[in-house]
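Asks: Pasting a structure below so you can have a look.
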Amino acid sequence: MSLNTDNHYTILGVDRQATTEVIQAAYMRLREGYVQGSGIDEPDFQQIKYAYEVLSDAKRRAIYDSLLGEIEEPVLDLSLHASRTQIALSESEQVFYLRLDIKPPEQDVQQLPLNLCLVIDRSTSMGGLRLQQVQTAVELIVKQLGPDDLLSIISFSDRAQVVVPSGQISNQQTILTKIREIRASGGTEIFQGLNSGVTQLRGVEVSEYSNHLILLTDGHTYGDADKCLTLAAEAAEWGITFTAFGLGSEWNDSFLDDLVSPSGGLSSFIETPGQIIEFLQSRITSLGKIYAQNVRLRQNFPAGLILKYGFKLTPFAQPLPLGGSSDISLGDIEGRAPLSLLLEFLIAPQAIPTRLSVPLTITADVPSQNVRKQTFSNRLQLFVLSDPPEEEPPAAIVEAVRLLNLYRMNEKVWSELEDGRVETAVNRMRYLTTRLLEAGQTKLAQQANQEADRLSKLGTLSSEGRKRLKYGTRALISQTGKFKFE
Amino acid sequence: MIICADCLAEQYPGTLFCSECGSYLRQKAAPTATLSPTSAPSPTATPLKIRLRFPDQRELQITLNKQLLLGRADSETGVRPDVDLTPHFGMELGVSRLHAALQQGPGGVMLIDKSSTNGTYINNYQLVPEKPYLLGQGDQITLGSLEITVYFD
């Protein structure tokens with residue numbers, strides 16, 4: 001397979017489904033860069049021109065496509081859209097945004113069986129309705145799993161107990177009886193539960209399964225947060241993805257974010273016990289459709305280009321852990337839906353017209369294609385011109401950035417509070433209220449307004465308000481991952 | 001840097017929404033500094049000789065100082081573009097009275113569609129109205145369906 005060699009599509013920076021208009025526009029941009037003398041030399045341009053001639057002619061394109069089809073297995077396709085592709089010379093740094101869609105092929109594929117472990121908090125506060133709902137959810141999950149899937153269940157307080165050891169579901173009734181015997185008592189030491197869960201998951205040959213640990217907790221963990229994070233990083237290396245659900249409002253959301261980030265998993269907020277079933281079920285449904293796993297973004301960007309912020313839009317909204325130069329875990333590709341990212345880049349000051357070639361490289365495991373740690377890549381061509389034409393950013397990017405900005409404003413309020421800058425935080429929360437109203441998010445706007453009032457009177461946010469705003473704005477962003485480009 | 005019109009915060013060029021107040025920056029913010037001497041339009045543009053070649057191989061030599069309007073003279077409205085394409089079947093081929101403009105820009109000669117009825121194209125790529133596009137040697141421009149090849153001498 002020659003996935004990384006240039007073809008006419010990658011030369012023009014368009015995807016295989018691009019319309020003639022898109023191809024023409026891409027060619028015009030490249031041509032503009034060539035004419036303005038920004039880093040495209042004559043041989044490059046001849047290649048570009050030839051690619052354009054072939055792809056803009058329907059007959060020649062069809063023949064070319066049929067040739068490409070034979071040498072290329074469409075295991076994963078990377079498509080790129082930028083807020084702009086031509087930037088001006090500048091003495092200051094500049095920003096551009098990029099959406100990267102990592103698309104699985106159209107056809108059906110065989111999935112690996114699930115190796116699933118549920119790690120359930122049974123501290124005192126979980127008693128009553130919370131545990132009851134968890135028990136009902138597990139009943140449904142047991143019915144949902146396939147004959148080859150493995151399930152294990154751990155309950156923990158200040159120590160862990162293996163409720164159901166890892167195995168195929170041979171007797172549903174035994175599992176349900178054991179689940180109903182869980183009684184709530186004791187404190188919350190998450191490491192105990194995680195460690196026991198990871199042990200269950202590693203009891204089988206992990207490469208033959210899609211391995212997942214789902215944590216459900218309602219409290220702060222005591223004194224073992226660092227141990228948990230170390231274990232999460234190790235588990236990611238072993239091919240285990242973490243999902244973390246926080247129930248109620250007395251848990252540490254940044255801790256749960258950090259816990260899932262090494263494996264690119266999901267952390268989410270379950271506000272009421274009534275939602276437990278829905279959240280768990282929808283998560284299991286998604287996990288049952290995994291096409292690619294261990295997807296990672298390489299940070300091999302050229303000098304002068306900094307990835308400043310990154311957010312996963314689909315399959316679920318989750319901030320990307322940046323910092324350092326190591327690969328960024330993106331998690332799994334679920335079903336046929338693409339994994340979409342929104343990236344914000346900062347470009348160093350540019351003094352001369354030039355071309356910046358921005359590589360987007362990922363590695364992924366695609367078990368159904370017997371592919372492990374395979375590299376897939378595409379490139380964005382960015383031109384620095386002395387007089388760039390005005391470019392309208394694609395609506396899909398504008399909307400994603402708009403909603404992401406709401407989430408980031410809310411995060412900023414928190415960090416300002418931590419720094420003791422209450423007045424700035426109040427002002428920002430008022431701005432956020434306005435922007436939420438503009439976005440038609442009346443409920444979230446009301447919440448923000450309440451929190452702004454509370455902040456100015458008491459200097460603190462309510463713990464429910466914090467979580468509602470954080471996860472509410474996060475949920476908004478995930479919708480924009482479905483926005484299409486014209 | 002650009003300045004947010006709502007809260008006056010400084011933002012990097014290219015930012016879409018103000019990081020401080022969330023305001024959309026593209027409509028309201030204006031650049032506060034010209035960034036490089038080369039990006040400033042040159043005040044003394046030297047006249048440029050341009051040849052336009054029509055489908056019947058006839059050629060028209062024009063001199064571009066700052067701007068030239070291309071279109072079709074119309075005695076009724078009194079419109080007289082700098083380059084009248086009536087003798088080249090402009091009327092029959094859907095050229096508007098004020099169809100397009102050639103301008104000297106910092107990077108070279110720019111073509112701008114002046115919101116014409118039937119559109120302007122460079123090498124079959126349709127131009128967004130009122131936006132300047134750079135022309136290259138030997139480019140084919142199409143006004144309506146009148147095809148013209150452009151040469152710079």
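Please note that chains go A, B, ... in the order of the structure tokens, that every chain numbers its residues from 1, and that ligands are numbered from 1 in the order shown.
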Write out as a ChimeraX atom specification all residues of chain B that DSSP puts in strand (DSSP E) for this structure's backbone.

Replies: /B:2-3,10-11,48-53,59-64,67-71,83-84,98-105,108-113,120-122,125-126,132-134,140-143,146-152

Asks: Residues within 10 Å of B:Ala101, please, as a ChimeraX atom specification. Count only C-alpha atoms; anything in the same chain fewer than 6 positions from it doesn't count.

Replies: /B:67-71,81-83,110-114,130,132

Asks: Could you please take those selected residues and save C-alpha atoms as an mmCIF file, in the first residue's frame?

Replies:
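File written: out.cif
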```cif
data_model
loop_
_atom_site.group_PDB
_atom_site.id
_atom_site.type_symbol
_atom_site.label_atom_id
_atom_site.label_comp_id
_atom_site.auth_asym_id
_atom_site.auth_seq_id
_atom_site.Cartn_x
_atom_site.Cartn_y
_atom_site.Cartn_z
ATOM 1 C CA GLN B 67 -7.225 51.072 -13.342
ATOM 2 C CA LEU B 68 -9.052 50.200 -16.559
ATOM 3 C CA LEU B 69 -12.734 49.339 -16.779
ATOM 4 C CA LEU B 70 -13.774 46.613 -19.225
ATOM 5 C CA GLY B 71 -17.309 46.535 -20.583
ATOM 6 C CA PRO B 81 -15.808 51.859 -20.185
ATOM 7 C CA ASP B 82 -12.090 52.347 -20.825
ATOM 8 C CA VAL B 83 -12.038 49.188 -22.918
ATOM 9 C CA MET B 110 -5.406 42.258 -10.673
ATOM 10 C CA LEU B 111 -8.743 41.465 -12.296
ATOM 11 C CA ILE B 112 -11.940 42.377 -10.451
ATOM 12 C CA ASP B 113 -15.434 41.342 -11.447
ATOM 13 C CA LYS B 114 -17.688 44.414 -11.091
ATOM 14 C CA GLU B 130 -15.663 42.815 -6.283
ATOM 15 C CA PRO B 132 -9.216 41.323 -6.822
#
```

Asks: For chain B, which residues have at least one atom within 9 Å of chain A, if we go by only C-alpha atoms? Write them as a PyMOL selection string, please.

Replies: chain B and resi 1+11-24+34-36+38-40+105-108+122-126+131-136

Asks: Could you write out that same residue set with C-alpha atoms as an mmCIF file, in the first residue's frame?

Replies:
```cif
data_model
loop_
_atom_site.group_PDB
_atom_site.id
_atom_site.type_symbol
_atom_site.label_atom_id
_atom_site.label_comp_id
_atom_site.auth_asym_id
_atom_site.auth_seq_id
_atom_site.Cartn_x
_atom_site.Cartn_y
_atom_site.Cartn_z
ATOM 1 C CA MET B 1 -2.478 43.077 16.036
ATOM 2 C CA GLN B 11 -5.996 39.996 19.358
ATOM 3 C CA TYR B 12 -3.766 38.207 16.882
ATOM 4 C CA PRO B 13 -4.640 38.771 13.207
ATOM 5 C CA GLY B 14 -6.738 35.866 11.975
ATOM 6 C CA THR B 15 -8.550 35.381 15.299
ATOM 7 C CA LEU B 16 -12.256 34.830 14.652
ATOM 8 C CA PHE B 17 -13.750 35.517 18.088
ATOM 9 C CA CYS B 18 -12.368 37.794 20.777
ATOM 10 C CA SER B 19 -10.796 35.705 23.537
ATOM 11 C CA GLU B 20 -11.864 38.264 26.131
ATOM 12 C CA CYS B 21 -15.504 39.060 25.330
ATOM 13 C CA GLY B 22 -16.438 36.516 22.656
ATOM 14 C CA SER B 23 -17.332 39.110 20.014
ATOM 15 C CA TYR B 24 -17.076 38.101 16.336
ATOM 16 C CA THR B 34 0.263 48.155 8.044
ATOM 17 C CA LEU B 35 2.527 45.283 8.551
ATOM 18 C CA SER B 36 5.201 45.533 5.968
ATOM 19 C CA THR B 38 5.943 45.746 0.674
ATOM 20 C CA SER B 39 2.248 45.318 1.428
ATOM 21 C CA ALA B 40 1.529 49.030 1.027
ATOM 22 C CA GLY B 105 -1.766 45.843 -7.337
ATOM 23 C CA PRO B 106 1.385 45.319 -5.297
ATOM 24 C CA GLY B 107 1.788 41.768 -6.630
ATOM 25 C CA GLY B 108 0.975 42.525 -10.255
ATOM 26 C CA ILE B 122 -9.884 33.249 -14.853
ATOM 27 C CA ASN B 123 -9.006 29.898 -16.465
ATOM 28 C CA ASN B 124 -12.592 28.771 -15.940
ATOM 29 C CA TYR B 125 -12.548 29.686 -12.265
ATOM 30 C CA GLN B 126 -15.389 32.031 -11.453
ATOM 31 C CA LYS B 131 -12.611 40.852 -5.155
ATOM 32 C CA PRO B 132 -9.216 41.323 -6.822
ATOM 33 C CA TYR B 133 -7.506 38.268 -8.337
ATOM 34 C CA LEU B 134 -3.958 38.217 -9.613
ATOM 35 C CA LEU B 135 -3.449 37.630 -13.335
ATOM 36 C CA GLY B 136 -0.596 35.586 -14.773
#
```

Asks: Work out how far atom CA of A:Leu305 is from atom CA of A:Phe345, in Å to one decimal.

Replies: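 Atom-to-atom, atom CA of A:Phe345 and atom CA of A:Leu305 are spaced 6.6 Å apart.
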
Asks: Please identify all polymer residues within 8 Å of stretch 96-99 of chain B, counting only C-alpha atoms, omitting same-chain residues fewer than 5 positions from it, and present them as an mmCIF file with N, CA and C atoms, in the first residue's frame.

Replies:
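Writing the result to around15.cif gives the following:
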```
data_model
loop_
_atom_site.group_PDB
_atom_site.id
_atom_site.type_symbol
_atom_site.label_atom_id
_atom_site.label_comp_id
_atom_site.auth_asym_id
_atom_site.auth_seq_id
_atom_site.Cartn_x
_atom_site.Cartn_y
_atom_site.Cartn_z
ATOM 1 N N LEU B 69 -11.450 50.039 -16.852
ATOM 2 C CA LEU B 69 -12.734 49.339 -16.779
ATOM 3 C C LEU B 69 -13.005 48.642 -18.106
ATOM 4 N N LEU B 70 -13.422 47.380 -18.038
ATOM 5 C CA LEU B 70 -13.774 46.613 -19.225
ATOM 6 C C LEU B 70 -15.291 46.482 -19.282
ATOM 7 N N GLY B 71 -15.851 46.666 -20.476
ATOM 8 C CA GLY B 71 -17.309 46.535 -20.583
ATOM 9 C C GLY B 71 -17.773 46.849 -21.983
ATOM 10 N N ARG B 72 -18.958 47.403 -22.066
ATOM 11 C CA ARG B 72 -19.604 47.596 -23.349
ATOM 12 C C ARG B 72 -20.231 48.991 -23.345
ATOM 13 N N ALA B 73 -19.820 49.837 -24.286
ATOM 14 C CA ALA B 73 -20.343 51.203 -24.345
ATOM 15 C C ALA B 73 -21.833 51.169 -24.659
ATOM 16 N N ASP B 74 -22.578 52.047 -23.988
ATOM 17 C CA ASP B 74 -24.017 52.070 -24.171
ATOM 18 C C ASP B 74 -24.451 53.522 -24.288
ATOM 19 N N VAL B 79 -22.862 55.015 -20.563
ATOM 20 C CA VAL B 79 -21.726 54.298 -19.993
ATOM 21 C C VAL B 79 -20.630 54.171 -21.038
ATOM 22 N N PRO B 81 -16.953 52.486 -20.870
ATOM 23 C CA PRO B 81 -15.808 51.859 -20.185
ATOM 24 C C PRO B 81 -14.516 52.214 -20.898
ATOM 25 N N GLY B 90 -19.128 41.774 -27.695
ATOM 26 C CA GLY B 90 -19.444 41.853 -26.273
ATOM 27 C C GLY B 90 -20.923 41.723 -25.986
ATOM 28 N N MET B 91 -21.730 42.386 -26.792
ATOM 29 C CA MET B 91 -23.190 42.341 -26.614
ATOM 30 C C MET B 91 -23.711 40.909 -26.735
ATOM 31 N N ASP B 113 -14.100 41.400 -10.848
ATOM 32 C CA ASP B 113 -15.434 41.342 -11.447
ATOM 33 C C ASP B 113 -16.285 42.435 -10.799
ATOM 34 N N LYS B 114 -16.915 43.306 -11.650
ATOM 35 C CA LYS B 114 -17.688 44.414 -11.091
ATOM 36 C C LYS B 114 -19.175 44.020 -10.986
ATOM 37 N N SER B 115 -19.417 42.916 -10.294
ATOM 38 C CA SER B 115 -20.781 42.410 -10.098
ATOM 39 C C SER B 115 -21.520 42.295 -11.430
ATOM 40 N N SER B 116 -20.843 41.707 -12.431
ATOM 41 C CA SER B 116 -21.426 41.594 -13.763
ATOM 42 C C SER B 116 -22.560 40.572 -13.766
ATOM 43 N N THR B 117 -23.432 40.693 -14.784
ATOM 44 C CA THR B 117 -24.585 39.794 -14.850
ATOM 45 C C THR B 117 -24.150 38.350 -15.088
ATOM 46 N N ASN B 118 -23.201 38.162 -16.016
ATOM 47 C CA ASN B 118 -22.851 36.790 -16.406
ATOM 48 C C ASN B 118 -21.512 36.303 -15.862
ATOM 49 N N GLY B 119 -20.899 37.099 -15.008
ATOM 50 C CA GLY B 119 -19.713 36.629 -14.304
ATOM 51 C C GLY B 119 -18.405 36.769 -15.066
ATOM 52 N N THR B 120 -17.312 36.710 -14.300
ATOM 53 C CA THR B 120 -15.967 36.791 -14.855
ATOM 54 C C THR B 120 -15.186 35.578 -14.382
ATOM 55 N N LEU B 143 -15.280 36.947 -19.924
ATOM 56 C CA LEU B 143 -16.297 37.894 -19.453
ATOM 57 C C LEU B 143 -17.608 37.437 -20.073
ATOM 58 N N GLY B 144 -18.568 37.013 -19.257
ATOM 59 C CA GLY B 144 -19.752 36.385 -19.821
ATOM 60 C C GLY B 144 -19.295 35.127 -20.518
#
```

Asks: Have a look at B:Glu76, B:Pro55, B:Lys49, B:Ala9 and name the one nearest to B:Phe89; count only C-alpha atoms.

Replies: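 For B:Phe89, the nearest of the candidates is B:Pro55.
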
Asks: May I have all residues of chain B that DSSP, computed from the backbone, assigns to alpha helix (DSSP H), given as a ChimeraX atom specification?

Replies: /B:25-28

Asks: Would you put the residues from that selection into a file with C-alpha atoms, as a compact mmCIF listing (two decimals), in the first residue's frame?

Replies:
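Result written to part.txt:
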```
# COMPACT_ATOMS: atom_id res chain seq x y z
CA LEU B 25 -14.04 39.95 15.05
CA ARG B 26 -14.32 39.72 11.31
CA GLN B 27 -16.89 42.45 10.76
CA LYS B 28 -15.88 44.91 13.39
```
